[in-house]
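A.B. asks: File name protein26.txt; file contents compact mmCIF, C-alpha atoms and all ligand atoms; full text below.
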```txt
# COMPACT_ATOMS: atom_id res chain seq x y z
CA MET A 1 -58.90 34.20 -55.76
CA ARG A 2 -60.31 31.97 -58.49
CA LEU A 3 -62.05 33.93 -61.23
CA THR A 4 -63.28 33.45 -64.76
CA VAL A 5 -62.97 36.31 -67.22
CA ALA A 6 -65.01 36.05 -70.41
CA SER A 7 -65.88 38.26 -73.34
CA ASP A 8 -67.61 38.10 -76.66
CA HIS A 9 -65.99 39.26 -79.90
CA ALA A 10 -66.57 42.93 -79.01
CA ALA A 11 -64.05 42.95 -76.17
CA VAL A 12 -61.26 40.46 -76.88
CA GLU A 13 -58.43 42.93 -76.25
CA LEU A 14 -59.87 44.19 -72.97
CA ARG A 15 -60.54 40.60 -71.83
CA GLN A 16 -56.90 39.70 -72.46
CA ALA A 17 -55.78 42.81 -70.60
CA VAL A 18 -57.97 41.95 -67.60
CA VAL A 19 -56.73 38.36 -67.56
CA SER A 20 -53.07 39.47 -67.64
CA HIS A 21 -53.74 42.10 -64.98
CA LEU A 22 -55.36 39.62 -62.59
CA ARG A 23 -52.79 36.89 -63.16
CA ALA A 24 -50.02 39.41 -62.44
CA GLN A 25 -51.72 39.98 -59.07
CA GLY A 26 -51.55 36.25 -58.33
CA HIS A 27 -55.16 35.33 -59.02
CA THR A 28 -56.07 32.03 -60.66
CA VAL A 29 -57.90 33.07 -63.81
CA GLU A 30 -59.80 31.00 -66.34
CA GLU A 31 -60.31 32.77 -69.66
CA ARG A 32 -63.29 32.17 -71.93
CA GLY A 33 -64.27 33.69 -75.22
CA PRO A 34 -63.24 33.89 -78.84
CA SER A 35 -59.88 34.84 -80.21
CA SER A 36 -59.63 37.94 -82.34
CA GLY A 37 -61.87 37.86 -85.39
CA ALA A 38 -64.18 35.04 -84.25
CA SER A 39 -67.75 35.71 -83.19
CA ALA A 40 -69.38 34.55 -79.95
CA ASP A 41 -72.79 35.19 -78.39
CA TYR A 42 -72.74 36.84 -74.98
CA PRO A 43 -75.59 34.73 -73.46
CA ASP A 44 -73.53 31.55 -73.91
CA LEU A 45 -70.58 33.04 -72.07
CA ALA A 46 -72.61 34.80 -69.38
CA GLY A 47 -74.61 31.64 -68.67
CA ALA A 48 -71.50 29.48 -68.39
CA VAL A 49 -69.63 31.89 -66.13
CA GLY A 50 -72.74 32.63 -64.09
CA CYS A 51 -73.13 28.92 -63.40
CA GLN A 52 -69.47 28.66 -62.40
CA VAL A 53 -69.94 31.47 -59.89
CA ALA A 54 -73.29 30.26 -58.57
CA SER A 55 -71.96 26.73 -58.06
CA GLY A 56 -68.82 27.94 -56.30
CA GLU A 57 -66.51 26.56 -58.98
CA VAL A 58 -65.02 30.04 -59.12
CA GLU A 59 -65.46 32.83 -56.60
CA ARG A 60 -66.11 35.66 -59.04
CA GLY A 61 -66.53 36.40 -62.70
CA VAL A 62 -65.78 39.28 -65.04
CA LEU A 63 -67.94 39.53 -68.16
CA ILE A 64 -67.19 41.94 -70.98
CA CYS A 65 -69.17 42.64 -74.14
CA GLY A 66 -69.51 45.77 -76.22
CA THR A 67 -71.59 47.66 -73.66
CA GLY A 68 -71.70 45.17 -70.77
CA ILE A 69 -75.48 45.33 -70.99
CA GLY A 70 -76.09 41.98 -72.66
CA MET A 71 -73.66 40.20 -70.34
CA SER A 72 -75.31 41.69 -67.25
CA ILE A 73 -78.84 40.86 -68.36
CA ALA A 74 -77.88 37.27 -69.19
CA ALA A 75 -75.73 36.62 -66.11
CA ASN A 76 -78.45 37.84 -63.77
CA LYS A 77 -80.74 35.07 -65.07
CA VAL A 78 -78.63 32.60 -63.09
CA PRO A 79 -79.93 32.31 -59.50
CA GLY A 80 -77.22 33.32 -57.07
CA VAL A 81 -75.52 35.67 -59.48
CA ARG A 82 -75.38 39.36 -58.63
CA ALA A 83 -73.91 40.85 -61.78
CA ALA A 84 -73.20 44.58 -61.78
CA LEU A 85 -72.57 46.67 -64.88
CA VAL A 86 -70.17 49.44 -63.90
CA HIS A 87 -68.77 52.43 -65.73
CA ASP A 88 -66.44 54.13 -63.26
CA LEU A 89 -64.68 53.70 -59.94
CA THR A 90 -67.71 54.80 -57.96
CA THR A 91 -70.07 52.21 -59.41
CA ALA A 92 -67.34 49.56 -59.27
CA SER A 93 -66.68 50.03 -55.56
CA LEU A 94 -70.37 50.41 -54.69
CA ALA A 95 -71.13 47.18 -56.55
CA ALA A 96 -68.97 45.46 -53.94
CA GLN A 97 -69.82 47.63 -50.94
CA HIS A 98 -73.61 47.68 -51.29
CA ASN A 99 -74.47 44.77 -53.60
CA ASP A 100 -71.73 42.19 -52.94
CA ALA A 101 -71.65 41.73 -56.71
CA ASN A 102 -70.06 38.41 -57.54
CA VAL A 103 -69.88 39.20 -61.27
CA LEU A 104 -68.54 42.43 -62.74
CA CYS A 105 -69.70 43.49 -66.20
CA LEU A 106 -67.81 45.96 -68.33
CA GLY A 107 -68.40 47.62 -71.69
CA GLY A 108 -65.38 46.94 -73.85
CA ARG A 109 -66.45 49.52 -76.39
CA LEU A 110 -67.06 52.15 -73.72
CA LEU A 111 -64.14 51.95 -71.27
CA ALA A 112 -60.48 52.57 -71.94
CA SER A 113 -58.34 49.75 -70.63
CA PRO A 114 -56.73 51.66 -67.70
CA LEU A 115 -60.14 52.65 -66.34
CA ALA A 116 -61.53 49.14 -66.82
CA LEU A 117 -58.59 47.64 -64.92
CA ALA A 118 -59.02 50.19 -62.15
CA CYS A 119 -62.70 49.25 -61.93
CA VAL A 120 -61.77 45.58 -61.57
CA ASP A 121 -59.35 46.46 -58.77
CA ALA A 122 -61.87 48.65 -56.97
CA TRP A 123 -64.50 45.91 -57.14
CA LEU A 124 -62.10 43.24 -55.87
CA THR A 125 -60.66 45.26 -53.00
CA THR A 126 -63.77 46.99 -51.63
CA PRO A 127 -65.36 45.07 -48.76
CA PHE A 128 -69.08 44.39 -48.55
CA GLU A 129 -70.92 46.33 -45.84
CA ALA A 130 -72.99 43.89 -43.80
CA ARG A 131 -75.74 46.49 -43.23
CA HIS A 132 -76.86 45.79 -46.81
CA GLN A 133 -77.33 42.06 -46.25
CA ARG A 134 -81.09 42.43 -45.79
CA ARG A 135 -81.43 43.65 -49.37
CA LEU A 136 -79.38 40.74 -50.69
CA ASP A 137 -81.65 38.43 -48.74
CA GLY A 138 -84.54 40.14 -50.53
CA ILE A 139 -82.97 39.34 -53.89
CA SER A 140 -82.56 35.71 -52.85
CA ALA A 141 -86.20 35.66 -51.78
CA ILE A 142 -87.27 36.81 -55.26
CA GLU A 143 -85.21 33.99 -56.79
CA ARG A 144 -86.84 31.40 -54.54
CA GLN A 145 -90.29 32.75 -55.29
CA VAL A 146 -89.72 32.68 -59.03
CA GLN A 147 -88.25 29.17 -58.84
CA ARG A 148 -91.43 28.08 -57.08
CA GLY A 149 -93.45 29.71 -59.84
CA LEU A 150 -94.91 32.41 -57.61
CA ASP A 151 -95.41 36.03 -58.48
CA PRO A 152 -92.75 37.99 -56.54
CA GLN A 153 -95.28 40.76 -56.01
CA VAL A 154 -97.38 38.51 -53.76
CA THR A 155 -95.02 38.80 -50.81
CA PRO A 156 -92.95 41.96 -51.23
CA THR A 157 -89.98 42.44 -48.93
CA PRO A 158 -90.78 45.00 -46.21
CA SER A 159 -88.60 48.10 -46.60
CA SER A 160 -89.47 50.20 -43.58
CA HIS A 161 -85.83 50.46 -42.46
CA PRO A 162 -83.60 53.48 -43.04
CA ALA A 163 -81.11 53.32 -45.93
C1 LIG A 201 -72.22 42.42 -80.01
O1 LIG A 201 -72.13 43.07 -81.22
C2 LIG A 201 -72.87 43.33 -78.97
O2 LIG A 201 -74.22 43.38 -79.17
C3 LIG A 201 -72.53 42.85 -77.59
O3 LIG A 201 -71.15 42.85 -77.41
C4 LIG A 201 -73.06 43.65 -76.42
O4 LIG A 201 -72.75 45.01 -76.55
C5 LIG A 201 -74.48 43.43 -76.09
O5 LIG A 201 -75.00 43.91 -75.08
```
Taking this structure as input, can you express it in the form of C-alpha cells?

C.D. replies:
Amino acid sequence: MRLTVASDHAAVELRQAVVSHLRAQGHTVEERGPSSGASADYPDLAGAVGCQVASGEVERGVLICGTGIGMSIAANKVPGVRAALVHDLTTASLAAQHNDANVLCLGGRLLASPLALACVDAWLTTPFEARHQRRLDGISAIERQVQRGLDPQVTPTPSSHPA
C-alpha cells in the first residue's frame, strides 16, 4: 500500500518509528515533517497529506502531532478525508470497520510507541463493514452540500434504520 506518514515537531520519534514499521512490512511510505529540533505547524502537514489521500496519490495517511487533535481537525477539512483520532486498539480497528477511515491520527505525546504501532496495524488490517456505507454516504452528502454553500441542516440524512 502507498501511504504518507507525517508529524509535526511533537512526534518526530514516533513518526520515524511508524515509517520504519510500515516499510518493514513492505509498504511504500512517504515521510513528511521536520527533523528533530525543527518546528512545523500541523495544519500544513495535515492539509498536504489530506490532499494526497483525497486525490488518490496515496491510499492512506498517518498523521501524528502531540495529541492527534490538531491533525484530525485539520485533515477533516479536506473533502474526501475521513480522519480518525484513535487511542487504543478498539478505536483503531473500529475506525476501519465502521468509518473506513483513510487517515489515522495519533497523539505522539500520549501513546507509547508499541501501542501506536499496534494501532496502525489494527487500522490497516481491519476490513470495512459494508453495512456502514450509508453513513459514509451521509458524510459525503454533507461535503457536497457545504461545497455548494448550503446549510447541511436543510436536508438531513434520514436515520430510521437500525444500527
Ligand atoms: C504542538 O505543540 C501541539 O500543539 C500539536 O502537536 C498538537 O498537539 C495539536 O493538536

A.B. asks: Using all atoms listed in the file, find the one residue out of A:Val103, A:Thr28, A:Ala17, A:Val5 that sits nearest to Ile73 of chain A.

C.D. replies: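 The shortest atom-to-atom distance to Ile73 of chain A comes from A:Val103.
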
A.B. asks: Just give me the gap between atom C4 of ligand LIG 201 (chain A) and atom CA of Cys65 of chain A in Å, one decimal is fine.

C.D. replies: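 Separation between atom C4 of ligand LIG 201 (chain A) and atom CA of Cys65 of chain A: 4.6 Å.
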
A.B. asks: With only C-alpha atoms as the atoms that count, which of A:Leu45, A:Val120, A:Met1, A:Leu150 lies nearest to Arg60 of chain A?

C.D. replies: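 Answer, going by the shortest atom-to-atom distance: A:Met1.
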
A.B. asks: Could you give me the residues within 9 Å of ligand LIG 201 (chain A), counting only C-alpha atoms and all ligand atoms, as number ranges by chain?

C.D. replies: A: 7-11, 39-42, 64-73, 107-109

A.B. asks: Keeping C-alpha atoms for every residue in the selection just given, could you write it to a file as a PDB file, keeping the file's coordinate frame?

C.D. replies:
```pdb
ATOM      1  CA  SER A   7     -65.880  38.260 -73.340  1.00  0.00           C
ATOM      2  CA  ASP A   8     -67.610  38.100 -76.660  1.00  0.00           C
ATOM      3  CA  HIS A   9     -65.990  39.260 -79.900  1.00  0.00           C
ATOM      4  CA  ALA A  10     -66.570  42.930 -79.010  1.00  0.00           C
ATOM      5  CA  ALA A  11     -64.050  42.950 -76.170  1.00  0.00           C
ATOM      6  CA  SER A  39     -67.750  35.710 -83.190  1.00  0.00           C
ATOM      7  CA  ALA A  40     -69.380  34.550 -79.950  1.00  0.00           C
ATOM      8  CA  ASP A  41     -72.790  35.190 -78.390  1.00  0.00           C
ATOM      9  CA  TYR A  42     -72.740  36.840 -74.980  1.00  0.00           C
ATOM     10  CA  ILE A  64     -67.190  41.940 -70.980  1.00  0.00           C
ATOM     11  CA  CYS A  65     -69.170  42.640 -74.140  1.00  0.00           C
ATOM     12  CA  GLY A  66     -69.510  45.770 -76.220  1.00  0.00           C
ATOM     13  CA  THR A  67     -71.590  47.660 -73.660  1.00  0.00           C
ATOM     14  CA  GLY A  68     -71.700  45.170 -70.770  1.00  0.00           C
ATOM     15  CA  ILE A  69     -75.480  45.330 -70.990  1.00  0.00           C
ATOM     16  CA  GLY A  70     -76.090  41.980 -72.660  1.00  0.00           C
ATOM     17  CA  MET A  71     -73.660  40.200 -70.340  1.00  0.00           C
ATOM     18  CA  SER A  72     -75.310  41.690 -67.250  1.00  0.00           C
ATOM     19  CA  ILE A  73     -78.840  40.860 -68.360  1.00  0.00           C
ATOM     20  CA  GLY A 107     -68.400  47.620 -71.690  1.00  0.00           C
ATOM     21  CA  GLY A 108     -65.380  46.940 -73.850  1.00  0.00           C
ATOM     22  CA  ARG A 109     -66.450  49.520 -76.390  1.00  0.00           C
TER      23      ARG A 109
END
```

A.B. asks: List the spatial neighbours of segment 82-99 of chain A as a ChimeraX atom specification - criterion: any atom at most 10 Å away, all atoms listed in the file, same-chain residues fewer than 5 positions off excluded.

C.D. replies: /A:46,50,53-54,60-64,67-77,104-107,110-111,115-133,135-136,139-140

A.B. asks: Please write the residues from the selection above to a file, keeping C-alpha atoms, as an mmCIF file, keeping the file's coordinate frame.

C.D. replies:
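Output saved as selection-v1.cif:
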```cif
data_model
loop_
_atom_site.group_PDB
_atom_site.id
_atom_site.type_symbol
_atom_site.label_atom_id
_atom_site.label_comp_id
_atom_site.auth_asym_id
_atom_site.auth_seq_id
_atom_site.Cartn_x
_atom_site.Cartn_y
_atom_site.Cartn_z
ATOM 1 C CA ALA A 46 -72.610 34.800 -69.380
ATOM 2 C CA GLY A 50 -72.740 32.630 -64.090
ATOM 3 C CA VAL A 53 -69.940 31.470 -59.890
ATOM 4 C CA ALA A 54 -73.290 30.260 -58.570
ATOM 5 C CA ARG A 60 -66.110 35.660 -59.040
ATOM 6 C CA GLY A 61 -66.530 36.400 -62.700
ATOM 7 C CA VAL A 62 -65.780 39.280 -65.040
ATOM 8 C CA LEU A 63 -67.940 39.530 -68.160
ATOM 9 C CA ILE A 64 -67.190 41.940 -70.980
ATOM 10 C CA THR A 67 -71.590 47.660 -73.660
ATOM 11 C CA GLY A 68 -71.700 45.170 -70.770
ATOM 12 C CA ILE A 69 -75.480 45.330 -70.990
ATOM 13 C CA GLY A 70 -76.090 41.980 -72.660
ATOM 14 C CA MET A 71 -73.660 40.200 -70.340
ATOM 15 C CA SER A 72 -75.310 41.690 -67.250
ATOM 16 C CA ILE A 73 -78.840 40.860 -68.360
ATOM 17 C CA ALA A 74 -77.880 37.270 -69.190
ATOM 18 C CA ALA A 75 -75.730 36.620 -66.110
ATOM 19 C CA ASN A 76 -78.450 37.840 -63.770
ATOM 20 C CA LYS A 77 -80.740 35.070 -65.070
ATOM 21 C CA LEU A 104 -68.540 42.430 -62.740
ATOM 22 C CA CYS A 105 -69.700 43.490 -66.200
ATOM 23 C CA LEU A 106 -67.810 45.960 -68.330
ATOM 24 C CA GLY A 107 -68.400 47.620 -71.690
ATOM 25 C CA LEU A 110 -67.060 52.150 -73.720
ATOM 26 C CA LEU A 111 -64.140 51.950 -71.270
ATOM 27 C CA LEU A 115 -60.140 52.650 -66.340
ATOM 28 C CA ALA A 116 -61.530 49.140 -66.820
ATOM 29 C CA LEU A 117 -58.590 47.640 -64.920
ATOM 30 C CA ALA A 118 -59.020 50.190 -62.150
ATOM 31 C CA CYS A 119 -62.700 49.250 -61.930
ATOM 32 C CA VAL A 120 -61.770 45.580 -61.570
ATOM 33 C CA ASP A 121 -59.350 46.460 -58.770
ATOM 34 C CA ALA A 122 -61.870 48.650 -56.970
ATOM 35 C CA TRP A 123 -64.500 45.910 -57.140
ATOM 36 C CA LEU A 124 -62.100 43.240 -55.870
ATOM 37 C CA THR A 125 -60.660 45.260 -53.000
ATOM 38 C CA THR A 126 -63.770 46.990 -51.630
ATOM 39 C CA PRO A 127 -65.360 45.070 -48.760
ATOM 40 C CA PHE A 128 -69.080 44.390 -48.550
ATOM 41 C CA GLU A 129 -70.920 46.330 -45.840
ATOM 42 C CA ALA A 130 -72.990 43.890 -43.800
ATOM 43 C CA ARG A 131 -75.740 46.490 -43.230
ATOM 44 C CA HIS A 132 -76.860 45.790 -46.810
ATOM 45 C CA GLN A 133 -77.330 42.060 -46.250
ATOM 46 C CA ARG A 135 -81.430 43.650 -49.370
ATOM 47 C CA LEU A 136 -79.380 40.740 -50.690
ATOM 48 C CA ILE A 139 -82.970 39.340 -53.890
ATOM 49 C CA SER A 140 -82.560 35.710 -52.850
#
```

A.B. asks: Which of these residues is nearest to Pro79 of chain A, using all atoms listed in the file: A:Ser55, A:Pro43, A:Pro114, A:Ala101?

C.D. replies: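 Ranked by minimum distance to Pro79 of chain A, first place goes to A:Ser55.
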
A.B. asks: Which residue gives the smallest distance to His27 of chain A among A:Asp137, A:Glu59, A:Asp44, A:Glu143, with all atoms listed in the file counted?

C.D. replies: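 Smallest distance to His27 of chain A is found for A:Glu59.
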
A.B. asks: Can you work out the spacing between atom CA of Gly33 of chain A and atom CA of Val49 of chain A in Å, to one decimal?

C.D. replies: 10.7 Å

A.B. asks: Just give me the gap between atom CA of Asp100 of chain A and atom CA of Arg32 of chain A in Å, one decimal is fine.

C.D. replies: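 Computed distance, atom CA of Asp100 of chain A to atom CA of Arg32 of chain A, equals 23.1 Å.
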
A.B. asks: Which is closest to Gly37 of chain A among A:Gly56, A:Gln25, A:Glu13, A:Ser20, if we use only C-alpha atoms?

C.D. replies: A:Glu13

A.B. asks: Ranking A:Thr4, A:Gln16, A:Gln145, A:Ser36 by minimum distance to Cys51 of chain A and counting only C-alpha atoms, which one comes first?

C.D. replies: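 For Cys51 of chain A, the nearest of the candidates is A:Thr4.
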
A.B. asks: Within 8 Å of Val29 of chain A, counting all atoms listed in the file, which residues qualify if same-chain residues fewer than 4 places away don't, as a PyMOL selection string?

C.D. replies: chain A and resi 2-5+19+22-23

A.B. asks: Around segment 108-111 of chain A, with edges along x, y and z and 5 Å added on all six sides, what centre and edge lengths do you get, in Å to one decimal, as lines of an AutoDock Vina configuration file?

C.D. replies:
```
center_x = -65.6
center_y = 49.5
center_z = -73.8
size_x = 12.9
size_y = 15.2
size_z = 15.1
```
